[in-house]
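One file, upload-v8.txt, is given below (compact mmCIF, C-alpha atoms and all ligand atoms).
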```
# COMPACT_ATOMS: atom_id res chain seq x y z
CA MET A 1 0.00 0.00 0.00
CA GLU A 2 1.25 3.44 -0.87
CA ILE A 3 0.71 6.67 1.01
CA ILE A 4 0.58 9.63 -1.32
CA ARG A 5 0.43 13.20 -0.05
CA THR A 6 0.22 15.34 -3.18
CA VAL A 7 -2.18 15.67 -6.09
CA LYS A 8 0.73 15.57 -8.53
CA ASN A 9 2.09 12.27 -7.22
CA LEU A 10 -1.34 10.69 -7.06
CA ARG A 11 -1.99 11.60 -10.70
CA LYS A 12 1.45 10.26 -11.66
CA GLU A 13 0.57 6.95 -10.02
CA LEU A 14 -2.97 6.61 -11.37
CA THR A 15 -2.57 7.77 -14.98
CA PRO A 16 -0.65 4.69 -16.25
CA LEU A 17 -2.95 2.34 -14.33
CA ARG A 18 -5.95 3.93 -16.01
CA GLU A 19 -4.22 3.68 -19.39
CA PHE A 20 -3.66 -0.05 -18.78
CA GLY A 21 -7.43 -0.36 -18.37
CA LYS A 22 -7.47 -0.81 -14.58
CA THR A 23 -10.68 0.24 -12.89
CA ILE A 24 -10.32 2.58 -9.92
CA SER A 25 -12.57 3.03 -6.93
CA LEU A 26 -12.45 5.83 -4.39
CA VAL A 27 -13.53 5.74 -0.74
CA PRO A 28 -13.51 9.32 0.60
CA THR A 29 -13.02 9.43 4.40
CA MET A 30 -11.98 11.70 7.22
CA GLY A 31 -10.10 8.86 8.92
CA TYR A 32 -10.38 7.28 12.37
CA PHE A 33 -11.65 4.13 10.75
CA HIS A 34 -14.33 1.88 12.22
CA GLU A 35 -16.10 -1.13 10.73
CA GLY A 36 -18.33 1.21 8.73
CA HIS A 37 -15.36 2.65 6.82
CA LEU A 38 -13.82 -0.79 6.45
CA SER A 39 -17.03 -2.13 4.92
CA LEU A 40 -16.80 0.62 2.26
CA MET A 41 -13.23 -0.45 1.51
CA ASP A 42 -14.38 -4.09 1.18
CA ILE A 43 -17.03 -3.06 -1.34
CA ALA A 44 -14.47 -0.99 -3.26
CA ARG A 45 -12.03 -3.93 -3.21
CA LYS A 46 -14.65 -6.23 -4.73
CA SER A 47 -15.75 -3.68 -7.32
CA SER A 48 -12.48 -2.53 -8.90
CA ASP A 49 -8.81 -3.27 -9.59
CA ILE A 50 -7.36 -0.34 -7.66
CA VAL A 51 -8.72 1.00 -4.36
CA VAL A 52 -7.89 4.56 -3.36
CA VAL A 53 -8.92 5.74 0.10
CA SER A 54 -8.68 9.46 0.74
CA LEU A 55 -8.08 10.55 4.31
CA PHE A 56 -8.63 14.25 4.81
CA VAL A 57 -10.41 16.10 7.62
CA ASN A 58 -12.00 18.71 5.43
CA PRO A 59 -12.02 22.05 7.29
CA ILE A 60 -14.59 23.73 5.02
CA GLN A 61 -17.36 21.35 6.07
CA PHE A 62 -17.04 22.38 9.74
CA SER A 63 -18.51 25.61 11.13
CA PRO A 64 -16.32 27.52 13.60
CA ASN A 65 -18.32 26.17 16.57
CA GLU A 66 -17.98 22.52 15.48
CA ASP A 67 -15.52 19.75 16.32
CA LEU A 68 -12.80 20.27 13.65
CA GLU A 69 -10.07 20.78 16.26
CA ARG A 70 -10.98 17.72 18.30
CA TYR A 71 -11.97 15.44 15.40
CA PRO A 72 -10.37 12.08 16.34
CA HIS A 73 -7.36 10.90 14.37
CA ASP A 74 -4.84 8.08 14.50
CA PHE A 75 -3.07 7.78 11.18
CA GLU A 76 -0.89 4.79 12.09
CA ARG A 77 -3.90 2.74 13.13
CA ASP A 78 -5.82 3.81 10.00
CA GLU A 79 -2.86 2.88 7.82
CA GLN A 80 -2.70 -0.60 9.31
CA LEU A 81 -6.45 -1.18 9.01
CA ALA A 82 -6.51 -0.01 5.39
CA GLU A 83 -3.58 -2.24 4.53
CA GLU A 84 -5.37 -5.24 6.08
CA ARG A 85 -8.40 -4.50 3.90
CA GLY A 86 -6.33 -4.57 0.72
CA VAL A 87 -6.36 -0.84 -0.02
CA ASP A 88 -3.79 0.09 -2.71
CA ILE A 89 -3.33 3.80 -2.07
CA ILE A 90 -4.10 6.15 0.80
CA PHE A 91 -4.32 9.71 -0.42
CA TYR A 92 -3.43 11.78 2.66
CA PRO A 93 -3.05 15.43 1.64
CA ASP A 94 -2.70 18.38 4.00
CA VAL A 95 -4.93 21.44 3.98
CA LYS A 96 -2.55 23.53 1.83
CA GLU A 97 -2.50 20.79 -0.79
CA MET A 98 -6.29 20.70 -1.05
CA TYR A 99 -6.95 24.42 -0.58
CA PRO A 100 -3.97 26.34 -1.89
CA GLU A 101 -4.61 30.06 -1.50
CA PRO A 102 -6.42 31.80 -2.99
CA PHE A 103 -9.37 29.44 -3.23
CA TYR A 104 -12.66 30.70 -4.63
CA THR A 105 -14.73 27.89 -6.13
CA TYR A 106 -17.40 25.93 -4.30
CA VAL A 107 -19.94 23.34 -5.37
CA SER A 108 -23.39 23.62 -3.79
CA THR A 109 -26.49 21.50 -4.17
CA GLU A 110 -28.57 24.48 -3.06
CA GLU A 111 -31.97 23.44 -1.58
CA LEU A 112 -30.84 19.91 -0.79
CA SER A 113 -28.08 21.26 1.41
CA ARG A 114 -30.34 23.56 3.45
CA VAL A 115 -32.74 21.04 4.99
CA LEU A 116 -32.31 18.39 7.72
CA CYS A 117 -28.66 18.51 8.88
CA GLY A 118 -28.12 21.53 6.63
CA ALA A 119 -30.59 23.59 8.69
CA SER A 120 -28.26 23.56 11.72
CA ARG A 121 -25.00 23.12 9.72
CA PRO A 122 -25.39 25.78 7.01
CA ILE A 123 -21.97 25.42 5.32
CA HIS A 124 -21.56 21.70 5.88
CA PHE A 125 -22.82 20.21 2.62
CA ARG A 126 -21.22 22.89 0.47
CA GLY A 127 -17.95 21.82 2.08
CA VAL A 128 -18.71 18.15 1.43
CA THR A 129 -19.69 18.60 -2.22
CA THR A 130 -16.70 20.84 -2.86
CA ILE A 131 -14.16 18.39 -1.46
CA VAL A 132 -15.86 15.38 -3.06
CA ALA A 133 -15.93 17.12 -6.47
CA LYS A 134 -12.23 17.93 -6.06
CA LEU A 135 -11.45 14.32 -5.12
CA PHE A 136 -13.46 13.10 -8.11
CA ASN A 137 -11.42 15.35 -10.40
CA ILE A 138 -8.12 14.35 -8.83
CA VAL A 139 -8.70 10.58 -8.67
CA GLN A 140 -11.11 10.24 -11.62
CA PRO A 141 -12.47 6.99 -10.21
CA ASP A 142 -14.88 4.66 -12.01
CA ILE A 143 -16.65 4.01 -8.72
CA ALA A 144 -16.99 5.89 -5.44
CA VAL A 145 -18.35 4.35 -2.26
CA PHE A 146 -20.18 6.24 0.52
CA GLY A 147 -22.13 5.10 3.57
CA GLN A 148 -25.91 5.18 4.01
CA LYS A 149 -25.31 6.38 7.59
CA ASP A 150 -25.06 9.92 6.17
CA ALA A 151 -28.28 9.59 4.19
CA GLN A 152 -28.51 13.25 3.22
CA GLN A 153 -24.87 13.29 2.12
CA ALA A 154 -25.49 10.20 -0.03
CA ILE A 155 -28.51 11.80 -1.72
CA ILE A 156 -26.64 15.08 -2.26
CA ILE A 157 -23.64 13.34 -3.80
CA LYS A 158 -25.82 11.30 -6.16
CA GLN A 159 -27.54 14.52 -7.22
CA MET A 160 -24.21 16.32 -7.73
CA VAL A 161 -22.91 13.46 -9.89
CA LYS A 162 -26.04 13.67 -12.01
CA ASP A 163 -26.10 17.47 -12.23
CA LEU A 164 -22.39 17.84 -13.06
CA ASN A 165 -22.12 14.75 -15.32
CA PHE A 166 -19.38 13.02 -13.37
CA PRO A 167 -18.85 9.66 -15.13
CA ILE A 168 -18.73 7.84 -11.79
CA LYS A 169 -20.87 5.05 -10.39
CA ILE A 170 -21.89 5.83 -6.81
CA ILE A 171 -22.35 2.90 -4.45
CA ILE A 172 -24.13 3.53 -1.17
CA ALA A 173 -23.21 0.93 1.45
CA PRO A 174 -25.53 -0.16 4.29
CA ILE A 175 -25.15 1.20 7.82
CA ILE A 176 -22.90 -0.88 10.07
CA ARG A 177 -24.09 -1.04 13.68
CA GLU A 178 -22.65 -1.96 17.07
CA LYS A 179 -24.17 -5.07 18.68
CA ASP A 180 -26.70 -2.94 20.55
CA GLY A 181 -27.81 -1.18 17.36
CA LEU A 182 -25.91 2.12 17.63
CA ALA A 183 -24.83 3.19 14.14
CA MET A 184 -21.03 3.24 13.93
CA SER A 185 -19.54 6.72 13.83
CA SER A 186 -16.16 8.25 14.64
CA ARG A 187 -18.08 10.62 16.92
CA ASN A 188 -19.36 7.79 19.19
CA LYS A 189 -16.00 8.15 20.90
CA TYR A 190 -17.17 11.46 22.40
CA LEU A 191 -20.05 9.82 24.33
CA SER A 192 -19.81 9.48 28.13
CA THR A 193 -20.54 6.06 29.62
CA GLU A 194 -24.12 7.02 30.44
CA GLU A 195 -24.71 8.67 27.04
CA ARG A 196 -23.29 5.60 25.30
CA LYS A 197 -25.71 3.42 27.29
CA GLN A 198 -28.71 5.48 26.16
CA ALA A 199 -27.65 6.13 22.54
CA PRO A 200 -29.02 2.83 21.10
CA THR A 201 -32.51 4.23 21.81
CA ILE A 202 -32.22 5.95 18.43
CA CYS A 203 -31.92 2.65 16.60
CA LYS A 204 -34.62 1.07 18.77
CA ALA A 205 -37.02 3.87 17.85
CA LEU A 206 -36.27 3.51 14.14
CA THR A 207 -36.68 -0.27 14.26
CA ARG A 208 -39.97 0.01 16.14
CA ALA A 209 -41.19 2.63 13.64
CA HIS A 210 -40.25 0.42 10.73
CA GLU A 211 -42.25 -2.47 12.25
CA GLU A 212 -45.24 -0.18 12.62
CA VAL A 213 -44.97 0.86 8.95
CA ARG A 214 -44.65 -2.79 7.87
CA LEU A 215 -47.80 -3.55 9.84
CA GLY A 216 -49.61 -1.03 7.67
CA ASN A 217 -49.35 2.43 9.23
CA LYS A 218 -48.24 4.72 6.37
CA ASN A 219 -49.03 7.99 8.14
CA ALA A 220 -45.75 9.90 8.36
CA LYS A 221 -46.90 12.20 11.18
CA GLU A 222 -47.92 9.26 13.38
CA ILE A 223 -44.64 7.43 12.72
CA GLU A 224 -42.66 10.58 13.44
CA ASP A 225 -44.53 11.05 16.75
CA LEU A 226 -43.84 7.44 17.70
CA ILE A 227 -40.11 7.91 17.10
CA ARG A 228 -40.02 11.14 19.09
CA GLU A 229 -41.87 9.49 21.94
CA ILE A 230 -39.44 6.54 22.13
CA ILE A 231 -36.28 8.65 21.84
CA SER A 232 -37.54 11.08 24.48
CA ARG A 233 -37.63 8.22 27.00
CA ALA A 234 -33.81 8.41 27.06
CA CYS A 235 -33.38 11.25 29.55
CA LEU A 236 -30.08 12.45 28.02
CA ALA A 237 -31.44 12.70 24.47
CA GLN A 238 -32.19 16.09 22.89
CA ILE A 239 -33.90 15.64 19.54
CA GLU A 240 -32.74 18.04 16.80
CA TYR A 241 -35.03 16.59 14.15
CA VAL A 242 -37.05 13.55 13.18
CA GLU A 243 -38.14 13.79 9.55
CA ILE A 244 -39.75 11.45 7.08
CA VAL A 245 -38.64 12.43 3.60
CA ASP A 246 -38.52 11.50 -0.07
CA ASP A 247 -35.31 9.66 -0.94
CA SER A 248 -34.28 12.01 -3.74
CA THR A 249 -35.87 15.41 -3.13
CA LEU A 250 -35.66 15.27 0.69
CA ASP A 251 -39.17 16.80 0.74
CA LYS A 252 -41.31 15.83 3.72
CA VAL A 253 -43.92 13.22 2.87
CA GLU A 254 -47.36 12.68 4.37
CA GLN A 255 -47.79 9.10 3.18
CA ILE A 256 -44.96 6.59 3.47
CA LYS A 257 -44.06 4.54 0.41
CA PRO A 258 -41.20 2.11 -0.37
CA GLY A 259 -37.93 4.05 -0.30
CA THR A 260 -39.16 6.83 1.98
CA ILE A 261 -36.46 7.64 4.54
CA VAL A 262 -36.84 8.34 8.23
CA THR A 263 -33.89 10.41 9.30
CA VAL A 264 -33.00 11.69 12.77
CA ALA A 265 -30.41 13.84 14.51
CA VAL A 266 -30.18 13.61 18.29
CA PHE A 267 -27.81 15.16 20.77
CA PHE A 268 -26.46 13.20 23.69
CA GLY A 269 -24.73 15.92 25.68
CA LYS A 270 -22.56 17.78 23.15
CA THR A 271 -22.41 14.82 20.77
CA ARG A 272 -24.69 14.96 17.78
CA LEU A 273 -25.65 11.55 16.41
CA ILE A 274 -27.48 10.88 13.16
CA ASP A 275 -29.21 7.73 11.98
CA ASN A 276 -31.81 6.72 9.41
CA VAL A 277 -33.79 3.88 7.95
CA ILE A 278 -35.06 3.37 4.43
CA LEU A 279 -38.64 2.16 4.80
CA LEU A 280 -40.19 -0.91 3.15
CA LYS A 281 -37.14 -1.55 1.00
CA GLU A 282 -35.85 -5.02 1.80
O1 LIG B 301 -18.51 11.29 5.15
C1 LIG B 301 -17.39 11.82 5.35
O2 LIG B 301 -16.55 11.32 6.10
C2 LIG B 301 -17.08 13.17 4.71
O3 LIG B 301 -18.19 13.99 4.69
C3 LIG B 301 -16.46 13.03 3.31
C4 LIG B 301 -17.44 12.41 2.32
C5 LIG B 301 -15.19 12.22 3.38
C6 LIG B 301 -16.09 14.43 2.77
O4 LIG B 301 -15.16 15.06 3.59
```
Structure rendered as structure tokens:
Amino acid sequence: MEIIRTVKNLRKELTPLREFGKTISLVPTMGYFHEGHLSLMDIARKSSDIVVVSLFVNPIQFSPNEDLERYPHDFERDEQLAEERGVDIIFYPDVKEMYPEPFYTYVSTEELSRVLCGASRPIHFRGVTTIVAKLFNIVQPDIAVFGQKDAQQAIIIKQMVKDLNFPIKIIIAPIIREKDGLAMSSRNKYLSTEERKQAPTICKALTRAHEEVRLGNKNAKEIEDLIREIISRACLAQIEYVEIVDDSTLDKVEQIKPGTIVTVAVFFGKTRLIDNVILLKE
């Protein structure tokens, strides 16, 4: 496995491989790998000849009051885990390499980036789409793999690829959960013992809601209320939103149909957790 720190060197490495007809997949990450990230690498490994994992904590997707400074990192551990999963290249640039000054150009998916998480994180998705577009241009992968855990991000990236004609197949990989149901996230590390104990309530509420929908209740408002009620039983939980939305427009729906997404953001103390379930889809 190679670790490459500059755009120039990455291009030098990938150009001949592409010319030899090798297919390339990209897994964009911010590091501090857990089983969720590793599952994306496994999918990439199965889907292409060359697997590139980018590891870059992207400052422009964090607002000044967010956790950029304390975002967890452990490059040596990440390197070892990626190597074990058969990754070929880790692209590990620094901030100057990705945002040489001056930097003026941003990619924005407009309305899609203003709702749900975008309502409380106004610059977040513009930062995500800008860095992902840059990575797409740098790596020029055939395939890129993202996690369903960030449902809004997945929808936004699919829309960006369509709108900007990136010739890239996007694979969205299922959420990987801890044994007690908590969706894996690098931010779970911030939870106190008591918060960690209560956090699986989110998954329990989503599972219970999904059962209710399967039993025939298609009324979004009632399902939303049920989820709120269950999550609120965890005394440390502060709900930011519970929304039932269309899986491409992110518009709120009144009636649930296959593919409708229930998406939630909940604070446990200062830690903001997100989770979602795609309804009636398996
Ligand atoms: O999902 C993430 O970790 C990030 O938002 C991404 C896609 C790597 C862009 O920085």
Report as CSV the residues of chain A within 6 Å of ligand LIG 301 (chain B), each with its shortest atom pair and distance in Å (one decimal), using all atoms listed in the file, ordered by chain and increasing residue number.
```
residue,atom,partner,partner_atom,distance
A:Pro28,CA,B:LIG301,C5,4.4
A:Thr29,CA,B:LIG301,C5,3.7
A:Met30,CA,B:LIG301,O2,4.7
A:Asn58,CA,B:LIG301,O4,5.2
A:Val128,CA,B:LIG301,C6,4.7
A:Val132,CA,B:LIG301,C6,5.9
```
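Picture a line from CA of Val262 in chain A to CA of Val245 in chain A; it runs 6.4 Å.
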message = I want to know what sits within 8 Å of range 99-110 of chain A, based on only C-alpha atoms, with residues of the same chain fewer than 2 positions away left out; could you give that as number ranges by chain?
response = A: 95-97, 112-114, 125-127, 129-130, 133, 156, 159-160
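The two atoms in question, CA of Phe75 in chain A and CA of Tyr92 in chain A, are spaced 9.4 Å apart.
For the pair CA of Lys221 in chain A and CA of Arg121 in chain A, the separation is 24.5 Å.
If you measure from each of A:Val253, A:Ile50, A:Met98, A:Val27 to Lys8 in chain A using only C-alpha atoms, the closest one turns out to be A:Met98.
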